[in-house]
>>> print(open('data.tsv').read())   # TSV, C-alpha atoms
chain	number	residue	atom	x	y	z
A	1	MET	CA	-69.79	23.77	-2.85
A	2	LEU	CA	-68.72	22.28	0.45
A	3	THR	CA	-72.31	21.91	1.68
A	4	LYS	CA	-73.19	20.22	-1.55
A	5	LEU	CA	-70.36	17.77	-1.04
A	6	VAL	CA	-71.41	17.08	2.53
A	7	VAL	CA	-75.01	16.50	1.46
A	8	TYR	CA	-73.96	14.18	-1.33
A	9	THR	CA	-71.65	12.24	0.95
A	10	ALA	CA	-74.39	11.92	3.54
A	11	LEU	CA	-76.82	10.78	0.87
A	12	LEU	CA	-74.34	8.30	-0.51
A	13	ASN	CA	-73.68	6.92	2.94
A	14	ALA	CA	-77.38	6.64	3.66
A	15	LEU	CA	-77.82	4.69	0.46
A	16	LEU	CA	-74.78	2.46	0.68
A	17	LEU	CA	-74.17	1.72	4.32
A	18	PRO	CA	-77.44	0.07	5.31
A	19	ALA	CA	-77.36	-2.06	2.18
A	20	THR	CA	-73.93	-3.48	2.87
A	21	ALA	CA	-74.33	-3.67	6.61
A	22	GLN	CA	-77.73	-5.38	6.60
A	23	GLN	CA	-77.61	-7.57	3.58
A	24	VAL	CA	-74.33	-9.37	4.09
A	25	ALA	CA	-72.92	-9.53	7.59
A	26	LEU	CA	-69.67	-11.24	8.44
A	27	ALA	CA	-69.84	-14.38	10.58
A	28	THR	CA	-67.15	-16.56	12.11
A	29	VAL	CA	-67.74	-20.27	12.77
A	30	ASP	CA	-68.04	-19.39	16.48
A	31	GLN	CA	-70.76	-16.89	15.67
A	32	LEU	CA	-72.59	-19.45	13.56
A	33	GLU	CA	-72.34	-22.01	16.37
A	34	ALA	CA	-73.71	-19.50	18.88
A	35	ARG	CA	-76.57	-18.86	16.53
A	36	PHE	CA	-77.34	-22.60	16.20
A	37	ALA	CA	-77.08	-23.11	19.97
A	38	GLY	CA	-79.44	-20.24	20.68
A	39	GLY	CA	-81.96	-21.36	18.09
A	40	GLY	CA	-84.11	-23.52	20.37
A	41	ASP	CA	-86.04	-25.97	18.22
A	42	THR	CA	-85.07	-24.20	14.98
A	43	THR	CA	-83.43	-26.24	12.26
A	44	TYR	CA	-80.80	-24.25	10.38
A	45	ILE	CA	-80.20	-25.05	6.74
A	46	VAL	CA	-76.82	-23.52	6.03
A	47	ASN	CA	-75.84	-23.41	2.39
A	48	PHE	CA	-72.15	-22.77	1.74
A	49	TRP	CA	-71.73	-21.09	-1.63
A	50	ALA	CA	-69.62	-18.59	-3.56
A	51	THR	CA	-70.32	-16.11	-6.34
A	52	TRP	CA	-67.72	-17.90	-8.50
A	53	CYS	CA	-69.35	-21.32	-8.06
A	54	SER	CA	-71.85	-21.82	-10.89
A	55	PRO	CA	-73.68	-24.88	-9.47
A	56	CYS	CA	-74.03	-22.97	-6.18
A	57	VAL	CA	-75.55	-20.00	-7.96
A	58	ALA	CA	-77.85	-22.38	-9.84
A	59	GLU	CA	-79.24	-23.96	-6.65
A	60	LEU	CA	-79.72	-20.71	-4.66
A	61	PRO	CA	-83.28	-20.23	-5.97
A	62	HIS	CA	-84.27	-23.59	-4.43
A	63	PHE	CA	-83.10	-22.39	-1.02
A	64	GLU	CA	-84.95	-19.12	-1.54
A	65	LYS	CA	-88.14	-20.98	-2.48
A	66	PHE	CA	-87.71	-23.33	0.48
A	67	GLY	CA	-87.42	-20.38	2.87
A	68	GLU	CA	-90.55	-18.74	1.49
A	69	ALA	CA	-92.55	-21.98	1.50
A	70	HIS	CA	-91.65	-22.82	5.09
A	71	ARG	CA	-92.18	-19.43	6.64
A	72	GLY	CA	-93.71	-19.79	10.09
A	73	GLU	CA	-92.03	-23.17	10.61
A	74	PRO	CA	-89.04	-23.57	12.91
A	75	VAL	CA	-86.56	-23.64	10.06
A	76	LYS	CA	-84.11	-20.97	8.94
A	77	VAL	CA	-82.11	-20.77	5.73
A	78	LEU	CA	-78.69	-19.14	5.96
A	79	LEU	CA	-76.70	-18.56	2.79
A	80	VAL	CA	-73.06	-18.42	3.87
A	81	SER	CA	-70.70	-17.20	1.18
A	82	VAL	CA	-67.10	-18.41	1.30
A	83	ASP	CA	-65.97	-15.73	-1.14
A	84	ALA	CA	-62.81	-13.96	-0.02
A	85	ARG	CA	-63.54	-11.12	2.39
A	86	SER	CA	-61.92	-8.73	-0.07
A	87	ARG	CA	-64.76	-9.50	-2.51
A	88	LEU	CA	-67.55	-8.56	-0.10
A	89	ARG	CA	-68.25	-5.15	-1.62
A	90	SER	CA	-67.07	-5.82	-5.15
A	91	LYS	CA	-68.78	-9.18	-5.75
A	92	VAL	CA	-71.00	-10.52	-2.97
A	93	VAL	CA	-73.11	-7.47	-2.15
A	94	PRO	CA	-73.78	-6.62	-5.83
A	95	PHE	CA	-74.71	-10.26	-6.45
A	96	VAL	CA	-77.15	-10.36	-3.54
A	97	LYS	CA	-78.73	-7.14	-4.82
A	98	LYS	CA	-78.93	-8.28	-8.41
A	99	GLU	CA	-80.46	-11.64	-7.51
A	100	GLN	CA	-82.70	-9.95	-4.92
A	101	LEU	CA	-82.04	-12.69	-2.39
A	102	HIS	CA	-84.51	-12.72	0.50
A	103	SER	CA	-82.74	-15.29	2.68
A	104	GLU	CA	-80.19	-14.09	5.19
A	105	VAL	CA	-76.81	-13.91	3.51
A	106	LEU	CA	-73.58	-14.02	5.51
A	107	LEU	CA	-69.94	-13.98	4.52
A	108	LEU	CA	-67.75	-16.46	6.37
A	109	ASN	CA	-65.22	-14.43	8.34
A	110	GLU	CA	-62.52	-17.09	8.45
A	111	THR	CA	-59.25	-17.41	6.57
A	112	ASP	CA	-57.75	-20.77	7.56
A	113	GLN	CA	-59.41	-23.50	5.52
A	114	GLN	CA	-57.52	-26.17	7.47
A	115	VAL	CA	-59.43	-25.06	10.54
A	116	TYR	CA	-62.85	-23.92	9.41
A	117	ILE	CA	-63.76	-26.74	6.97
A	118	ASP	CA	-63.40	-29.38	9.71
A	119	ARG	CA	-65.14	-27.17	12.25
A	120	VAL	CA	-68.16	-26.84	9.97
A	121	SER	CA	-68.13	-30.62	9.56
A	122	PRO	CA	-65.48	-33.35	9.43
A	123	ASP	CA	-67.57	-34.78	6.56
A	124	TRP	CA	-66.90	-31.71	4.40
A	125	SER	CA	-63.98	-32.03	1.95
A	126	GLY	CA	-64.25	-28.36	1.07
A	127	SER	CA	-66.03	-29.01	-2.20
A	128	LEU	CA	-68.81	-26.58	-3.14
A	129	PRO	CA	-71.74	-26.49	-2.97
A	130	ALA	CA	-72.22	-27.97	0.50
A	131	THR	CA	-75.16	-27.71	2.86
A	132	LEU	CA	-75.25	-28.21	6.60
A	133	PHE	CA	-78.46	-29.16	8.43
A	134	VAL	CA	-78.25	-28.31	12.13
A	135	ASN	CA	-80.64	-28.60	15.02
A	136	THR	CA	-78.80	-28.40	18.33
A	137	GLY	CA	-81.94	-29.23	20.35
A	138	LYS	CA	-82.21	-32.52	18.50
A	139	GLN	CA	-78.41	-32.97	18.46
A	140	LEU	CA	-78.59	-33.13	14.71
A	141	ARG	CA	-75.82	-32.11	12.37
A	142	ARG	CA	-75.55	-33.39	8.83
A	143	LEU	CA	-73.44	-32.12	5.97
A	144	GLN	CA	-74.30	-32.91	2.38
A	145	GLU	CA	-71.73	-32.22	-0.31
A	146	LYS	CA	-74.02	-32.01	-3.30
A	147	GLU	CA	-76.26	-29.83	-5.43
A	148	PHE	CA	-79.87	-29.83	-4.24
A	149	THR	CA	-83.05	-29.72	-6.26
A	150	TYR	CA	-86.02	-28.15	-4.48
A	151	ASP	CA	-87.65	-31.56	-3.97
A	152	GLN	CA	-84.43	-33.04	-2.55
A	153	LEU	CA	-84.22	-30.13	-0.13
A	154	VAL	CA	-87.79	-30.69	1.09
A	155	THR	CA	-87.24	-34.46	1.34
A	156	THR	CA	-84.02	-34.03	3.31
A	157	TYR	CA	-85.62	-31.50	5.66
A	158	ARG	CA	-88.59	-33.81	6.30
A	159	SER	CA	-86.31	-36.79	6.89
A	160	LEU	CA	-84.60	-34.91	9.73
A	161	LYS	CA	-87.68	-34.82	11.93
B	162	MET	CA	-75.10	-64.31	18.54
B	163	ARG	CA	-71.37	-63.92	18.25
B	164	SER	CA	-71.41	-64.44	14.50
B	165	LEU	CA	-74.13	-61.80	14.26
B	166	LEU	CA	-71.91	-59.40	16.15
B	167	THR	CA	-68.96	-60.23	13.89
B	168	LEU	CA	-71.14	-59.72	10.83
B	169	SER	CA	-72.41	-56.35	12.00
B	170	LEU	CA	-68.86	-55.24	12.83
B	171	LEU	CA	-67.78	-56.33	9.38
B	172	LEU	CA	-70.64	-54.39	7.80
B	173	LEU	CA	-69.77	-51.32	9.84
B	174	GLY	CA	-66.21	-51.59	8.64
B	175	LEU	CA	-67.35	-51.85	5.06
B	176	LEU	CA	-69.61	-48.82	5.50
B	177	ALA	CA	-66.77	-46.77	6.95
B	178	ARG	CA	-64.60	-47.83	4.04
B	179	ALA	CA	-67.29	-46.88	1.55
B	180	GLN	CA	-67.49	-43.40	3.03
B	181	GLN	CA	-63.80	-42.85	2.46
B	182	ALA	CA	-63.86	-43.79	-1.20
B	183	GLY	CA	-60.62	-43.32	-3.06
B	184	TYR	CA	-56.98	-43.47	-2.12
B	185	GLN	CA	-55.67	-42.61	1.32
B	186	VAL	CA	-52.12	-41.56	2.12
B	187	GLY	CA	-49.97	-44.70	2.03
B	188	ASP	CA	-52.05	-46.49	-0.62
B	189	VAL	CA	-50.39	-47.74	-3.80
B	190	VAL	CA	-52.19	-46.45	-6.88
B	191	THR	CA	-53.18	-48.36	-9.99
B	192	ASP	CA	-51.58	-46.95	-13.13
B	193	PHE	CA	-53.88	-45.27	-15.65
B	194	ASN	CA	-53.77	-44.88	-19.41
B	195	LEU	CA	-55.59	-41.70	-20.46
B	196	LYS	CA	-55.61	-39.50	-23.55
B	197	ASN	CA	-53.58	-36.30	-23.30
B	198	ILE	CA	-54.51	-33.09	-25.13
B	199	ASP	CA	-51.83	-33.96	-27.73
B	200	ASN	CA	-53.99	-37.02	-28.63
B	201	LYS	CA	-51.38	-39.44	-27.26
B	202	ASN	CA	-52.15	-41.70	-24.33
B	203	LEU	CA	-50.18	-41.25	-21.12
B	204	SER	CA	-49.55	-43.44	-18.06
B	205	LEU	CA	-47.47	-43.06	-14.93
B	206	SER	CA	-45.18	-45.68	-16.48
B	207	SER	CA	-44.60	-43.30	-19.41
B	208	TYR	CA	-42.01	-41.63	-17.13
B	209	PRO	CA	-39.32	-44.27	-16.51
B	210	ASP	CA	-37.01	-41.73	-14.83
B	211	ALA	CA	-39.60	-40.20	-12.52
B	212	LYS	CA	-39.12	-40.40	-8.76
B	213	GLY	CA	-42.77	-39.58	-8.29
B	214	TYR	CA	-45.60	-37.49	-9.64
B	215	ILE	CA	-47.70	-34.45	-8.86
B	216	VAL	CA	-51.15	-35.55	-10.04
B	217	ILE	CA	-53.60	-32.64	-10.06
B	218	PHE	CA	-57.30	-32.96	-10.73
B	219	GLY	CA	-58.13	-29.67	-12.41
B	220	CYS	CA	-60.46	-28.39	-15.09
B	221	ASN	CA	-61.33	-25.58	-17.52
B	222	THR	CA	-64.28	-23.95	-15.79
B	223	CYS	CA	-63.51	-23.81	-12.06
B	224	PRO	CA	-62.25	-20.37	-10.99
B	225	VAL	CA	-60.31	-21.86	-8.06
B	226	SER	CA	-58.54	-24.34	-10.32
B	227	ARG	CA	-57.85	-21.63	-12.92
B	228	GLY	CA	-56.58	-19.33	-10.20
B	229	TYR	CA	-53.96	-21.95	-9.36
B	230	GLU	CA	-52.78	-22.67	-12.91
B	231	GLN	CA	-49.74	-20.41	-12.87
B	232	ARG	CA	-48.71	-22.01	-9.59
B	233	MET	CA	-49.13	-25.42	-11.25
B	234	VAL	CA	-46.88	-24.27	-14.09
B	235	ALA	CA	-44.36	-23.14	-11.46
B	236	LEU	CA	-44.49	-26.58	-9.82
B	237	GLN	CA	-43.80	-28.23	-13.18
B	238	GLU	CA	-40.90	-25.87	-13.82
B	239	LYS	CA	-39.44	-26.48	-10.39
B	240	PHE	CA	-39.93	-30.21	-9.96
B	241	ALA	CA	-40.24	-31.95	-13.36
B	242	SER	CA	-36.46	-31.87	-13.84
B	243	LYS	CA	-36.02	-33.20	-10.30
B	244	GLY	CA	-38.18	-36.23	-11.09
B	245	TYR	CA	-41.62	-35.02	-10.00
B	246	PRO	CA	-43.58	-34.05	-13.13
B	247	VAL	CA	-47.05	-32.47	-12.97
B	248	ILE	CA	-49.89	-34.40	-14.62
B	249	MET	CA	-53.34	-32.80	-14.69
B	250	ILE	CA	-56.50	-34.88	-15.09
B	251	ASN	CA	-59.92	-33.37	-15.80
B	252	PRO	CA	-62.37	-35.11	-13.43
B	253	ASN	CA	-65.57	-33.53	-14.77
B	254	ASP	CA	-68.12	-35.31	-16.93
B	255	PRO	CA	-68.37	-33.04	-20.03
B	256	GLU	CA	-72.05	-33.97	-20.30
B	257	ALA	CA	-72.65	-32.64	-16.81
B	258	GLN	CA	-70.65	-29.42	-17.19
B	259	GLN	CA	-70.40	-27.20	-20.23
B	260	GLY	CA	-66.92	-26.24	-21.35
B	261	GLU	CA	-65.22	-29.47	-20.27
B	262	THR	CA	-64.99	-31.46	-23.52
B	263	PHE	CA	-61.66	-32.73	-24.83
B	264	GLU	CA	-61.63	-29.91	-27.42
B	265	ASP	CA	-62.34	-27.39	-24.65
B	266	MET	CA	-59.38	-28.82	-22.72
B	267	GLN	CA	-57.09	-28.42	-25.73
B	268	LEU	CA	-58.16	-24.80	-26.20
B	269	HIS	CA	-57.90	-24.05	-22.51
B	270	ALA	CA	-54.39	-25.50	-22.19
B	271	GLN	CA	-53.26	-23.40	-25.11
B	272	LYS	CA	-54.84	-20.22	-23.77
B	273	SER	CA	-53.51	-20.75	-20.24
B	274	LYS	CA	-50.11	-21.85	-21.57
B	275	LEU	CA	-50.12	-25.04	-19.54
B	276	THR	CA	-46.72	-26.73	-19.68
B	277	PHE	CA	-47.76	-30.19	-18.46
B	278	PRO	CA	-49.97	-33.02	-19.74
B	279	TYR	CA	-53.72	-32.53	-19.35
B	280	LEU	CA	-55.67	-35.78	-19.57
B	281	GLU	CA	-59.33	-36.58	-20.09
B	282	ASP	CA	-60.97	-39.25	-17.93
B	283	PRO	CA	-63.90	-40.75	-19.84
B	284	GLY	CA	-66.46	-42.26	-17.48
B	285	GLN	CA	-64.59	-40.64	-14.54
B	286	VAL	CA	-62.99	-44.01	-13.77
B	287	VAL	CA	-59.62	-42.69	-12.57
B	288	THR	CA	-61.35	-39.80	-10.77
B	289	ARG	CA	-63.36	-42.28	-8.69
B	290	GLN	CA	-60.32	-44.52	-8.15
B	291	PHE	CA	-58.40	-41.61	-6.69
B	292	GLY	CA	-61.43	-40.22	-4.88
B	293	ALA	CA	-60.98	-36.75	-6.35
B	294	LEU	CA	-63.83	-34.61	-5.04
B	295	ARG	CA	-63.06	-31.11	-6.20
B	296	THR	CA	-60.84	-29.01	-8.41
B	297	PRO	CA	-58.04	-28.46	-7.73
B	298	HIS	CA	-57.31	-31.65	-5.77
B	299	VAL	CA	-53.69	-32.80	-5.61
B	300	PHE	CA	-52.19	-36.26	-5.07
B	301	VAL	CA	-48.39	-36.40	-4.68
B	302	LEU	CA	-47.14	-39.89	-5.50
B	303	GLN	CA	-43.78	-41.41	-4.65
B	304	LYS	CA	-42.30	-44.19	-6.75
B	305	THR	CA	-41.30	-47.09	-4.47
B	306	ASP	CA	-40.36	-50.75	-4.91
B	307	LYS	CA	-43.99	-51.63	-4.20
B	308	GLY	CA	-45.41	-49.16	-6.70
B	309	ASN	CA	-46.54	-45.55	-6.75
B	310	ARG	CA	-47.48	-44.68	-3.20
B	311	VAL	CA	-49.66	-41.72	-2.17
B	312	ALA	CA	-47.56	-39.37	-0.03
B	313	TYR	CA	-49.78	-36.30	0.13
B	314	ILE	CA	-53.42	-35.45	-0.65
B	315	GLY	CA	-54.96	-32.00	-0.66
B	316	ALA	CA	-54.39	-28.39	-1.61
B	317	ILE	CA	-51.45	-26.79	-3.45
B	318	ASP	CA	-51.04	-24.18	-0.71
B	319	ASN	CA	-53.06	-22.43	1.99
B	320	ASP	CA	-53.70	-19.33	-0.09
B	321	PRO	CA	-56.28	-19.64	-2.91
B	322	GLU	CA	-56.26	-15.85	-3.44
B	323	ASN	CA	-52.46	-15.82	-3.67
B	324	GLU	CA	-52.22	-12.81	-1.39
B	325	LYS	CA	-50.98	-14.02	2.00
B	326	SER	CA	-47.56	-12.90	3.13
B	327	GLU	CA	-47.00	-16.21	4.86
B	328	GLN	CA	-47.90	-18.86	2.35
B	329	ILE	CA	-47.61	-22.52	3.26
B	330	ASN	CA	-46.83	-24.40	0.07
B	331	TYR	CA	-48.04	-27.89	0.96
B	332	VAL	CA	-47.14	-29.56	-2.34
B	333	GLN	CA	-43.68	-27.97	-2.52
B	334	GLN	CA	-42.98	-28.99	1.07
B	335	ALA	CA	-44.16	-32.55	0.38
B	336	VAL	CA	-41.96	-32.94	-2.71
B	337	HIS	CA	-38.97	-31.34	-0.98
B	338	SER	CA	-39.32	-33.87	1.86
B	339	LEU	CA	-39.60	-36.78	-0.55
B	340	LEU	CA	-36.55	-35.58	-2.50
B	341	ALA	CA	-34.65	-35.43	0.80
B	342	GLY	CA	-35.63	-39.04	1.52
B	343	GLU	CA	-38.18	-38.15	4.16
B	344	GLN	CA	-41.94	-38.35	4.42
B	345	PRO	CA	-43.90	-35.09	4.28
B	346	GLU	CA	-44.77	-33.51	7.60
B	347	ILE	CA	-48.23	-32.53	6.37
B	348	THR	CA	-49.80	-35.39	4.41
B	349	PHE	CA	-53.43	-34.26	4.15
B	350	THR	CA	-55.17	-30.90	3.77
B	351	LYS	CA	-58.67	-29.76	2.92
B	352	ALA	CA	-59.56	-26.86	0.66
B	353	VAL	CA	-62.54	-25.07	-0.77
B	354	GLY	CA	-62.92	-25.95	-4.43
B	355	CYS	CA	-65.46	-26.72	-7.15
B	356	GLY	CA	-67.24	-30.04	-6.69
B	357	VAL	CA	-66.48	-32.61	-9.40
B	358	LYS	CA	-69.35	-32.56	-11.89
B	359	SER	CA	-71.10	-35.86	-12.51
B	360	LYS	CA	-74.45	-36.62	-14.06
B	361	GLY	CA	-77.28	-36.75	-11.57
B	362	LYS	CA	-75.34	-34.94	-8.90
>>> encode(input="data.tsv", output="structure tokens")
Amino acid sequence: MLTKLVVYTALLNALLLPATAQQVALATVDQLEARFAGGGDTTYIVNFWATWCSPCVAELPHFEKFGEAHRGEPVKVLLVSVDARSRLRSKVVPFVKKEQLHSEVLLLNETDQQVYIDRVSPDWSGSLPATLFVNTGKQLRRLQEKEFTYDQLVTTYRSLK
Amino acid sequence: MRSLLTLSLLLLGLLARAQQAGYQVGDVVTDFNLKNIDNKNLSLSSYPDAKGYIVIFGCNTCPVSRGYEQRMVALQEKFASKGYPVIMINPNDPEAQQGETFEDMQLHAQKSKLTFPYLEDPGQVVTRQFGALRTPHVFVLQKTDKGNRVAYIGAIDNDPENEKSEQINYVQQAVHSLLAGEQPEITFTKAVGCGVKSKGK
């Protein structure tokens, strides 16, 4: 009985842990900045979204498609959820699984909106969806508070160069 | 050459102004006349005894806005009798977002037991005037000799999940200050919320 329990627990852990740990990591603004700074000539397209935000959910496929279509180019899509940290396991991870998202998904590990919204960009009011285009090598940082179509995403990306 | 410089400075100023569309703290607002869910039109001037107003841009479909509704009801309960009534305006274009028609608003107010007026804004005219960008987005107004002046813009509090032990209630603090004859200490906050839905956006 006990061995059975141990085996099941081990199995359950093997199934659950990698999924949660790999699919949605936590990231502070500092960690995001470090990532941008270390990215060389990579342009980061950082989409801020939430599982409760229907226009965000609607535009996620465009970011997915963009990532697939630009593989091999120095551009990286990051989908940063601003869902509450308490919803990571109950909402965000199941959503990422269900939608089979291929882009890297992170959960913003910040609680003070008066600090992190301005740190992401002074141009961000906090409204969702919002997307940040960053290339530290080119000293480029632009926040767009809007819903993107795929074509608008491609056009904006090309206009950055 | 100098006139060119002046012109470009002027243009820059205009551009900067255009980026900050809507009211800033200190601005005097233009009164509106919008239809309430009871089918009667309402204006700021409909409240002759008010000392000010808590104008909240909120809607039916945004989970953040809905999550704040009971706190909005509490604000109305606490401050309406003291001269600061809550007025909610729906900033969304019902053609751009399902569930935001006038009928939807009436049903929603009933279901959520809203105790304050809930106004539609056809053509999003007042929404653009105020510069409301998301729901919920609050503008606390103070009645002065010069008109209704914006005293605070931003979030209701610092706790959308309503779970922090140390909540900072920005709107309550602002109204308390105004009632005490002072200006609010915090006059502007940002907050994560649902973008206002417009066609082609």
>>> closest_residue(input="data.tsv", among="B:Ile250, B:Val216, B:Lys351, B:Lys358", to="Asp123 in chain A", atoms="all atoms listed in the file")
B:Lys351
>>> closest_residue(input="data.tsv", among="B:Ile198, B:Ile347, B:Leu340, B:Val247", to="Ile314 in chain B", atoms="all atoms listed in the file")
B:Ile347
>>> atom_distance(input="data.tsv", atom1="CA of Phe66 in chain A", atom2="CA of Tyr150 in chain A")
7.1 Å
>>> atom_distance(input="data.tsv", atom1="CA of Leu294 in chain B", atom2="CA of Glu147 in chain A")
13.3 Å
>>> closest_atom_pairs(input="data.tsv", of="chain A", to="chain B", cutoff="6 Å", atoms="all atoms listed in the file", output="Markdown table")
| residue | atom | partner | partner_atom | distance |
| --- | --- | --- | --- | --- |
| A:Gln113 | CA | B:Ala352 | CA | 5.9 |
| A:Gln114 | CA | B:Lys351 | CA | 5.9 |
| A:Ser125 | CA | B:Lys351 | CA | 5.9 |
| A:Gly126 | CA | B:Val353 | CA | 4.1 |
| A:Ser127 | CA | B:Gly356 | CA | 4.8 |
| A:Leu128 | CA | B:Gly356 | CA | 5.2 |
>>> closest_residue(input="data.tsv", among="A:Arg142, A:Thr51, A:His70, A:Glu99", to="Arg87 in chain A", atoms="all atoms listed in the file")
A:Thr51
>>> atom_distance(input="data.tsv", atom1="CA of Gly183 in chain B", atom2="CA of Val287 in chain B")
9.6 Å
>>> closest_residue(input="data.tsv", among="A:Ala69, A:Val46, A:Val29, A:Val77", to="Glu145 in chain A", atoms="only C-alpha atoms")
A:Val46
>>> closest_residue(input="data.tsv", among="B:Gln344, B:Ser273, B:Ser204, B:Gln290", to="Cys220 in chain B", atoms="all atoms listed in the file")
B:Ser273
>>> closest_residue(input="data.tsv", among="A:Thr28, A:Ser90, A:Thr43, A:Ser159", to="Arg141 in chain A", atoms="all atoms listed in the file")
A:Thr43
>>> residues_around(input="data.tsv", residues="range 36-42 of chain A", least_positions_apart="2", cutoff="8 Å", atoms="all atoms listed in the file", output="PDB file with C-alpha atoms, in the frame of the given file")
ATOM      1  CA  LEU A  32     -72.590 -19.450  13.560  1.00  0.00           C
ATOM      2  CA  GLU A  33     -72.340 -22.010  16.370  1.00  0.00           C
ATOM      3  CA  ALA A  34     -73.710 -19.500  18.880  1.00  0.00           C
ATOM      4  CA  TYR A  44     -80.800 -24.250  10.380  1.00  0.00           C
ATOM      5  CA  PRO A  74     -89.040 -23.570  12.910  1.00  0.00           C
ATOM      6  CA  VAL A  75     -86.560 -23.640  10.060  1.00  0.00           C
ATOM      7  CA  LYS A  76     -84.110 -20.970   8.940  1.00  0.00           C
ATOM      8  CA  VAL A 134     -78.250 -28.310  12.130  1.00  0.00           C
ATOM      9  CA  ASN A 135     -80.640 -28.600  15.020  1.00  0.00           C
ATOM     10  CA  THR A 136     -78.800 -28.400  18.330  1.00  0.00           C
ATOM     11  CA  GLY A 137     -81.940 -29.230  20.350  1.00  0.00           C
ATOM     12  CA  LYS A 138     -82.210 -32.520  18.500  1.00  0.00           C
TER      13      LYS A 138
END
>>> residues_around(input="data.tsv", residues="Gln285 in chain B", least_positions_apart="4", cutoff="7 Å", atoms="all atoms listed in the file", output="PyMOL selection string")
chain B and resi 252+254+289
>>> residues_around(input="data.tsv", residues="range 240-242 of chain B", least_positions_apart="3", cutoff="9 Å", atoms="all atoms listed in the file", output="list in words")
Ala211, Tyr214, Ile215, Ala235, Leu236, Gln237, Tyr245, Pro246, Val247, Gln333 and Val336 of chain B
>>> residues_near_point(input="data.tsv", point="(-62.6, -41.5, -20.8)", cutoff="12 Å", atoms="only C-alpha atoms", output="PyMOL selection string")
chain B and resi 193-197+202+250-255+262-263+280-288
>>> residues_around(input="data.tsv", residues="range 57-63 of chain A", least_positions_apart="2", cutoff="10 Å", atoms="all atoms listed in the file", output="MDAnalysis selection string")
chainID A and resid 45:47 49:55 65:69 77:79 95 99 101:103 129 147:154
